[in-house]
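Asks: What follows is a structure written as structure tokens; I'll ask about it next.
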Amino acid sequence: MQSTTAAGDRPLRRVLGIETSCDETGVAIYEIAARAGDGETVAGPAGGRGLLAHALHSQIPIHAAHGGVVPELASRDHVRRLLPLVRRVLAAADLPPGAIGGVAYTAGPGLIGALLTGAALARSLAWAWRVPAIGVHHMEAHLLAPLLEPDPPAFPFLALLVSGGHTLLVEVAGLGRYRTLGQSLDDAVGEAFDKTAKLLGLPYPGGPALARLAEEGDPARFRFPRPMTDRPGLDFSFSGLKTHVLQTLSELPRDRATRADVARAFEDAAVDTLVIKCRRALRATGLKPLVVAGGVGANRALRAALAALARAEGATVHYPRPEFCTDNGAMVALAGALRLAAGEQEGLAIETRARWPLDTLRPPAGAADRAPRGARS
Ligand code: KG4
Ligand code: ZN
């Protein structure tokens with residue numbers, strides 16, 4: 001279903017986006033011109049009004065008591081929150097359900113039970129409203145999130161995806177045109193923040209708590225290794241850093257100053273490692289825009305270090321606003337809207353995938369070449 005009140009003379013489509021891959025329930029509505037193509041300006045007068053409304057419910061208090069995400073509790077809470085959030089964004093955008101022209105949902109990667117709650121609701125709404133539904137790759141949604149901002153980067157760009165589940169350097173030639181240049185061989189950087197935070201006795205979620213403690217730390221007291229920076233290549237490894245933290249702590253009293261110094265040494269090492277690999281990737285590809293997405297993109301030390309890198313390399317760094325760095329419905333609505341606007345459609349099967357390599361994605365499929373995306377492993 002498309003509205004014909006238009007931007008230029010192009011019909012508009014409003015897409016409801018649903019994110020339930022982990023511990024945040026996110027819902028949003030994104031408006032796009034129905035035939036906005038790859039690389040076109042996605043929001044603004046000719047492309048639709050962009051993000052119309054978004055709402056988020058965080059499960060942090062539920063999981064904090066357990067020190068980490070409990071998958072079954074996550075699924076149950078998504079089920080409780082989803083419909084009220086859908087009603088809330090429709091009301092905030094002042095739209096009736098009949099104004100929605102498509103439903104996008106995170107199809108993976110993520111917790112399979114949590115993914116299924118969003119997928120089942122998205123498919124049901126699309127069926128009831130007689131509009132197409134589309135499953136979105138969670139990391140594609142993260143790396144497109146800077147396009148929600150007023151001054152979006154143009155394709156091609158380099159993307160650093162840093163979340164609790166992934167650490168990836170990706171060359172992005174266009175929508176669905178991704179080449180993975182490097183990735184973590186063990187823990188994701190967000191996971192390393194979280195595990196180190198746990199060792200330091202900090203509450204879940206550990207990343208932001210560790211970053212706050214690190215601000216009090218003395219940068220000169222400890223120096224931790226920068227893993228895999230002494231050899232060529234763009235892959236990462238963060239599990240050794242955590243072991244280093246454990247060893248350091250085992251030899252010292254755990255007073256607040258020591259814990260802060262360790263937090264600082266860990267953060268400096270993690271940030272430095274990411275920056276060294278970004279510098280290599282910018283030089284190797286010759287790309288100038290660097291997009292940073294995923295929860296760790298909210299880290300202030302990383303932002304400052306990447307700003308300095310960009311100045312030195314003549315590059316530009318693009319972030320989503322902090323609330324769209326972590327999981328949210330707006331990025332899912334945007335990714336789904338771009339694919340639907342480019343003509344992609346899916347059948348009625350509900351497919352969710354706990355694991356799903358980003359570079360198996362393809363550009364939006366027209367009727368003729370839908371096979372590659374359908375041929376899922
Ligand atoms: O993208 P995201 O919300 O969820 C995943 O898809 O994983 O990322 C969450 C991750 C967690 O590991 C969290 O500790 C980390 O991002 N994180 C941070 C900060 N804020 C969130 N890590 C370091 N510093 C922060 N300020
Ligand atoms: Zn995420």
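A note on labels: chains of the structure tokens are A, B, ... as shown, every chain counts residues from 1, and ligands are counted from 1 in their shown order.
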May I ask you to write as a PyMOL selection string all residues lying at most 6 Å from ligand 2, with only C-alpha atoms and all ligand atoms counted?

Replies: chain A and resi 163+294+326-327

Asks: Which residues are near Ala53 (chain A)? Cut-off 6 Å, only C-alpha atoms, ignore same chain within fewer than 3 positions. Put them as JSON, numbers by chain.

Replies: {"A": [28, 29, 89, 93]}

Asks: Give me a file of those residues, with all heavy atoms, as an mmCIF file, in the first residue's frame.

Replies:
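This went into part-v8.cif:
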```cif
data_model
loop_
_atom_site.group_PDB
_atom_site.id
_atom_site.type_symbol
_atom_site.label_atom_id
_atom_site.label_comp_id
_atom_site.auth_asym_id
_atom_site.auth_seq_id
_atom_site.Cartn_x
_atom_site.Cartn_y
_atom_site.Cartn_z
ATOM 1 N N ALA A 28 9.852 1.528 14.965
ATOM 2 C CA ALA A 28 9.951 2.860 14.350
ATOM 3 C C ALA A 28 9.207 2.877 13.023
ATOM 4 O O ALA A 28 8.865 1.821 12.471
ATOM 5 C CB ALA A 28 11.419 3.216 14.111
ATOM 6 N N ILE A 29 8.946 4.088 12.528
ATOM 7 C CA ILE A 29 8.319 4.242 11.200
ATOM 8 C C ILE A 29 9.204 5.152 10.357
ATOM 9 O O ILE A 29 9.573 6.255 10.804
ATOM 10 C CB ILE A 29 6.911 4.857 11.307
ATOM 11 C CG1 ILE A 29 6.006 3.953 12.160
ATOM 12 C CG2 ILE A 29 6.300 5.042 9.900
ATOM 13 C CD1 ILE A 29 4.669 4.591 12.511
ATOM 14 N N VAL A 89 4.186 4.176 18.400
ATOM 15 C CA VAL A 89 4.808 4.882 17.262
ATOM 16 C C VAL A 89 3.754 5.323 16.246
ATOM 17 O O VAL A 89 3.890 6.383 15.635
ATOM 18 C CB VAL A 89 5.944 4.107 16.556
ATOM 19 C CG1 VAL A 89 7.134 3.912 17.455
ATOM 20 C CG2 VAL A 89 5.482 2.803 15.966
ATOM 21 N N ALA A 93 3.407 9.207 15.282
ATOM 22 C CA ALA A 93 3.492 9.672 13.886
ATOM 23 C C ALA A 93 2.130 10.166 13.391
ATOM 24 O O ALA A 93 2.022 10.646 12.268
ATOM 25 C CB ALA A 93 3.981 8.534 12.988
#
```

Asks: Taking only C-alpha atoms and all ligand atoms into account, report as a ChimeraX atom specification which residues have an atom no farther than 6 Å from an atom of ligand 1.

Replies: /A:163-165,190-191,193-194,205-208,211,294-296,298-299,326-327

Asks: Just to be explicit: take each residue in the selection above, keep N, CA, C and O atoms, and write the result as a short mmCIF file (atom, residue, chain, number, x, y, z; two decimals), in the first residue's frame.

Replies:
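Ended up saving to result_7.cif:
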```cif
data_model
loop_
_atom_site.label_atom_id
_atom_site.label_comp_id
_atom_site.auth_asym_id
_atom_site.auth_seq_id
_atom_site.Cartn_x
_atom_site.Cartn_y
_atom_site.Cartn_z
N SER A 163 30.05 -4.13 18.02
CA SER A 163 28.92 -4.36 18.92
C SER A 163 29.27 -5.47 19.90
O SER A 163 30.42 -5.89 19.99
N GLY A 164 28.25 -5.93 20.63
CA GLY A 164 28.48 -7.01 21.58
C GLY A 164 28.72 -8.35 20.89
O GLY A 164 29.31 -9.26 21.47
N GLY A 165 28.27 -8.46 19.65
CA GLY A 165 28.39 -9.74 18.94
C GLY A 165 29.37 -9.70 17.78
O GLY A 165 29.76 -10.76 17.27
N GLY A 190 32.84 -5.48 21.97
CA GLY A 190 31.84 -5.18 23.00
C GLY A 190 31.80 -6.28 24.06
O GLY A 190 31.67 -6.02 25.26
N GLU A 191 31.95 -7.53 23.59
CA GLU A 191 31.98 -8.68 24.49
C GLU A 191 33.20 -8.57 25.41
O GLU A 191 33.12 -8.85 26.61
N PHE A 193 34.69 -5.77 26.31
CA PHE A 193 34.35 -4.72 27.30
C PHE A 193 33.48 -5.33 28.41
O PHE A 193 33.71 -5.10 29.60
N ASP A 194 32.47 -6.09 28.00
CA ASP A 194 31.52 -6.64 28.98
C ASP A 194 32.19 -7.64 29.92
O ASP A 194 31.96 -7.63 31.14
N PRO A 205 24.94 -3.48 31.91
CA PRO A 205 25.86 -3.86 30.84
C PRO A 205 27.22 -3.22 31.07
O PRO A 205 27.32 -2.04 31.39
N GLY A 206 28.27 -4.01 30.93
CA GLY A 206 29.58 -3.60 31.38
C GLY A 206 30.26 -2.51 30.59
O GLY A 206 31.02 -1.72 31.16
N GLY A 207 30.05 -2.48 29.27
CA GLY A 207 30.79 -1.54 28.41
C GLY A 207 30.72 -0.09 28.90
O GLY A 207 31.76 0.52 29.19
N PRO A 208 29.52 0.47 29.03
CA PRO A 208 29.43 1.87 29.46
C PRO A 208 29.97 2.07 30.88
O PRO A 208 30.61 3.09 31.16
N ALA A 211 33.71 2.17 30.72
CA ALA A 211 34.17 3.44 30.13
C ALA A 211 34.13 4.56 31.17
O ALA A 211 35.03 5.40 31.23
N GLY A 294 27.19 0.37 15.78
CA GLY A 294 27.17 -0.65 16.83
C GLY A 294 27.41 -0.01 18.19
O GLY A 294 27.93 1.11 18.28
N GLY A 295 27.05 -0.73 19.23
CA GLY A 295 27.04 -0.17 20.58
C GLY A 295 28.35 0.45 21.03
O GLY A 295 28.34 1.49 21.71
N VAL A 296 29.49 -0.15 20.68
CA VAL A 296 30.77 0.39 21.14
C VAL A 296 31.07 1.74 20.47
O VAL A 296 31.89 2.52 20.96
N ALA A 298 29.39 4.17 20.76
CA ALA A 298 29.00 5.20 21.72
C ALA A 298 30.18 5.57 22.64
O ALA A 298 30.11 6.54 23.38
N ASN A 299 31.28 4.79 22.57
CA ASN A 299 32.41 5.00 23.49
C ASN A 299 33.14 6.31 23.17
O ASN A 299 33.59 6.54 22.06
N THR A 326 23.32 1.95 19.53
CA THR A 326 22.90 0.67 20.11
C THR A 326 21.63 0.21 19.37
O THR A 326 21.11 0.91 18.50
N ASP A 327 21.15 -0.98 19.74
CA ASP A 327 20.04 -1.57 19.00
C ASP A 327 18.80 -0.68 19.05
O ASP A 327 18.47 -0.13 20.10
#
```

Asks: Do you know which residues are at most 10 Å from Leu148 (chain A) counting only C-alpha atoms, after dropping those on the same chain fewer than 4 positions away, and could you put them as a VMD selection string?

Replies: chain A and resid 30 42 to 43 50 to 51 144 152 319 to 321 324 330 to 331 334

Asks: Okay, now the selection with all heavy atoms, as an mmCIF file, in the first residue's frame?

Replies:
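Now in again05.cif:
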```
data_model
loop_
_atom_site.group_PDB
_atom_site.id
_atom_site.type_symbol
_atom_site.label_atom_id
_atom_site.label_comp_id
_atom_site.auth_asym_id
_atom_site.auth_seq_id
_atom_site.Cartn_x
_atom_site.Cartn_y
_atom_site.Cartn_z
ATOM 1 N N TYR A 30 9.569 4.669 9.173
ATOM 2 C CA TYR A 30 10.421 5.445 8.260
ATOM 3 C C TYR A 30 9.671 5.651 6.947
ATOM 4 O O TYR A 30 9.104 4.712 6.393
ATOM 5 C CB TYR A 30 11.733 4.687 7.994
ATOM 6 C CG TYR A 30 12.775 5.538 7.299
ATOM 7 C CD1 TYR A 30 13.692 6.284 8.022
ATOM 8 C CD2 TYR A 30 12.818 5.609 5.902
ATOM 9 C CE1 TYR A 30 14.627 7.081 7.386
ATOM 10 C CE2 TYR A 30 13.756 6.411 5.258
ATOM 11 C CZ TYR A 30 14.655 7.142 6.010
ATOM 12 O OH TYR A 30 15.583 7.941 5.381
ATOM 13 N N VAL A 42 18.314 9.455 0.866
ATOM 14 C CA VAL A 42 17.211 8.631 1.350
ATOM 15 C C VAL A 42 16.129 9.432 2.055
ATOM 16 O O VAL A 42 14.990 9.008 2.115
ATOM 17 C CB VAL A 42 17.706 7.509 2.273
ATOM 18 C CG1 VAL A 42 18.499 6.499 1.481
ATOM 19 C CG2 VAL A 42 18.510 8.054 3.419
ATOM 20 N N ALA A 43 16.482 10.576 2.609
ATOM 21 C CA ALA A 43 15.445 11.373 3.259
ATOM 22 C C ALA A 43 15.452 12.759 2.628
ATOM 23 O O ALA A 43 16.281 13.063 1.793
ATOM 24 C CB ALA A 43 15.713 11.458 4.753
ATOM 25 N N GLY A 50 11.613 10.682 5.867
ATOM 26 C CA GLY A 50 12.558 9.942 6.710
ATOM 27 C C GLY A 50 11.900 9.399 7.962
ATOM 28 O O GLY A 50 10.757 8.930 7.935
ATOM 29 N N LEU A 51 12.608 9.497 9.073
ATOM 30 C CA LEU A 51 12.121 8.907 10.323
ATOM 31 C C LEU A 51 10.933 9.703 10.877
ATOM 32 O O LEU A 51 11.053 10.889 11.143
ATOM 33 C CB LEU A 51 13.274 8.896 11.333
ATOM 34 C CG LEU A 51 13.011 8.134 12.630
ATOM 35 C CD1 LEU A 51 12.809 6.649 12.358
ATOM 36 C CD2 LEU A 51 14.178 8.346 13.599
ATOM 37 N N LEU A 144 23.915 0.970 8.174
ATOM 38 C CA LEU A 144 23.170 2.004 7.450
ATOM 39 C C LEU A 144 22.634 3.088 8.395
ATOM 40 O O LEU A 144 22.158 4.127 7.942
ATOM 41 C CB LEU A 144 22.007 1.379 6.667
ATOM 42 C CG LEU A 144 22.406 0.415 5.541
ATOM 43 C CD1 LEU A 144 21.163 -0.252 4.936
ATOM 44 C CD2 LEU A 144 23.203 1.124 4.443
ATOM 45 N N PRO A 152 24.285 12.549 5.776
ATOM 46 C CA PRO A 152 24.724 11.157 5.661
ATOM 47 C C PRO A 152 25.905 10.994 4.708
ATOM 48 O O PRO A 152 26.064 11.777 3.775
ATOM 49 C CB PRO A 152 23.489 10.449 5.095
ATOM 50 C CG PRO A 152 22.736 11.498 4.369
ATOM 51 C CD PRO A 152 23.033 12.797 5.051
ATOM 52 N N TYR A 319 28.754 8.929 12.494
ATOM 53 C CA TYR A 319 28.113 8.080 13.496
ATOM 54 C C TYR A 319 26.615 8.304 13.427
ATOM 55 O O TYR A 319 26.170 9.412 13.112
ATOM 56 C CB TYR A 319 28.504 8.484 14.913
ATOM 57 C CG TYR A 319 29.950 8.400 15.217
ATOM 58 C CD1 TYR A 319 30.776 9.505 15.039
ATOM 59 C CD2 TYR A 319 30.495 7.226 15.719
ATOM 60 C CE1 TYR A 319 32.120 9.441 15.350
ATOM 61 C CE2 TYR A 319 31.842 7.164 16.026
ATOM 62 C CZ TYR A 319 32.647 8.270 15.836
ATOM 63 O OH TYR A 319 33.974 8.212 16.141
ATOM 64 N N PRO A 320 25.871 7.292 13.813
ATOM 65 C CA PRO A 320 24.479 7.591 14.129
ATOM 66 C C PRO A 320 24.458 8.351 15.455
ATOM 67 O O PRO A 320 25.445 8.281 16.208
ATOM 68 C CB PRO A 320 23.839 6.223 14.301
ATOM 69 C CG PRO A 320 24.915 5.211 14.142
ATOM 70 C CD PRO A 320 26.228 5.887 14.023
ATOM 71 N N ARG A 321 23.360 9.053 15.780
ATOM 72 C CA ARG A 321 23.280 9.673 17.106
ATOM 73 C C ARG A 321 23.368 8.544 18.154
ATOM 74 O O ARG A 321 23.051 7.380 17.827
ATOM 75 C CB ARG A 321 21.985 10.475 17.239
ATOM 76 C CG ARG A 321 20.740 9.631 17.336
ATOM 77 C CD ARG A 321 19.475 10.411 17.081
ATOM 78 N NE ARG A 321 19.259 10.643 15.663
ATOM 79 C CZ ARG A 321 18.092 10.998 15.106
ATOM 80 N NH1 ARG A 321 17.039 11.208 15.871
ATOM 81 N NH2 ARG A 321 17.964 11.167 13.827
ATOM 82 N N PHE A 324 21.005 5.663 18.379
ATOM 83 C CA PHE A 324 20.924 4.760 17.229
ATOM 84 C C PHE A 324 22.227 3.998 17.004
ATOM 85 O O PHE A 324 22.369 3.281 16.026
ATOM 86 C CB PHE A 324 20.518 5.521 15.957
ATOM 87 C CG PHE A 324 19.132 6.109 16.011
ATOM 88 C CD1 PHE A 324 18.764 7.146 15.159
ATOM 89 C CD2 PHE A 324 18.177 5.633 16.895
ATOM 90 C CE1 PHE A 324 17.485 7.699 15.203
ATOM 91 C CE2 PHE A 324 16.893 6.176 16.959
ATOM 92 C CZ PHE A 324 16.556 7.208 16.108
ATOM 93 N N ALA A 330 14.697 2.171 14.512
ATOM 94 C CA ALA A 330 14.825 3.123 13.396
ATOM 95 C C ALA A 330 15.729 2.571 12.302
ATOM 96 O O ALA A 330 15.423 2.674 11.108
ATOM 97 C CB ALA A 330 15.370 4.453 13.926
ATOM 98 N N MET A 331 16.845 1.943 12.703
ATOM 99 C CA MET A 331 17.782 1.428 11.687
ATOM 100 C C MET A 331 17.156 0.265 10.912
ATOM 101 O O MET A 331 17.458 0.061 9.731
ATOM 102 C CB MET A 331 19.105 1.018 12.344
ATOM 103 C CG MET A 331 19.005 -0.156 13.299
ATOM 104 S SD MET A 331 20.604 -0.498 14.087
ATOM 105 C CE MET A 331 20.260 -2.087 14.863
ATOM 106 N N LEU A 334 14.683 1.779 8.438
ATOM 107 C CA LEU A 334 15.431 2.371 7.321
ATOM 108 C C LEU A 334 15.943 1.289 6.359
ATOM 109 O O LEU A 334 15.742 1.389 5.137
ATOM 110 C CB LEU A 334 16.625 3.168 7.862
ATOM 111 C CG LEU A 334 17.659 3.592 6.813
ATOM 112 C CD1 LEU A 334 17.087 4.664 5.892
ATOM 113 C CD2 LEU A 334 18.937 4.096 7.467
#
```

Asks: Among region 169-287 of chain A, which residues does DSSP mark as alpha helix (DSSP H) when it is run on the backbone? Keep the chain and numbering as in the structure and answer as a PyMOL selection string.

Replies: chain A and resi 189-199+206-214+239-250+256-285

Asks: Work out how far CA of Ala335 (chain A) is from CA of Pro96 (chain A), in Å to one decimal.

Replies: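 So the two atoms, CA of Pro96 (chain A) and CA of Ala335 (chain A), lie 22.1 Å apart.
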
Asks: Need the shell around Gly347 (chain A): protein/DNA/RNA residues with any atom at most 9 Å away, counting only C-alpha atoms. Skip same-chain ones fewer than 3 positions apart. Format as a PDB file with C-alpha atoms, in the first residue's frame?

Replies:
```pdb
ATOM      1  CA  PRO A 132       4.874  -6.689   2.152  1.00  0.00           C
ATOM      2  CA  ALA A 133       7.166  -7.756   4.982  1.00  0.00           C
ATOM      3  CA  ILE A 134      10.933  -7.947   4.790  1.00  0.00           C
ATOM      4  CA  ILE A 350       9.353 -16.685   8.433  1.00  0.00           C
TER       5      ILE A 350
END
```

Asks: Out of A:Ala92, A:Ile100, A:Ile112, A:Ala293, which residue has the shortest atom-to-atom distance to Ala128 (chain A) when counting only C-alpha atoms?

Replies: A:Ile100

Asks: I'd like to know which of A:Ala354, A:Ala312, A:Ala365, A:Ala265 is closest to Pro219 (chain A), using only C-alpha atoms.

Replies: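 Answer, going by the shortest atom-to-atom distance: A:Ala265.
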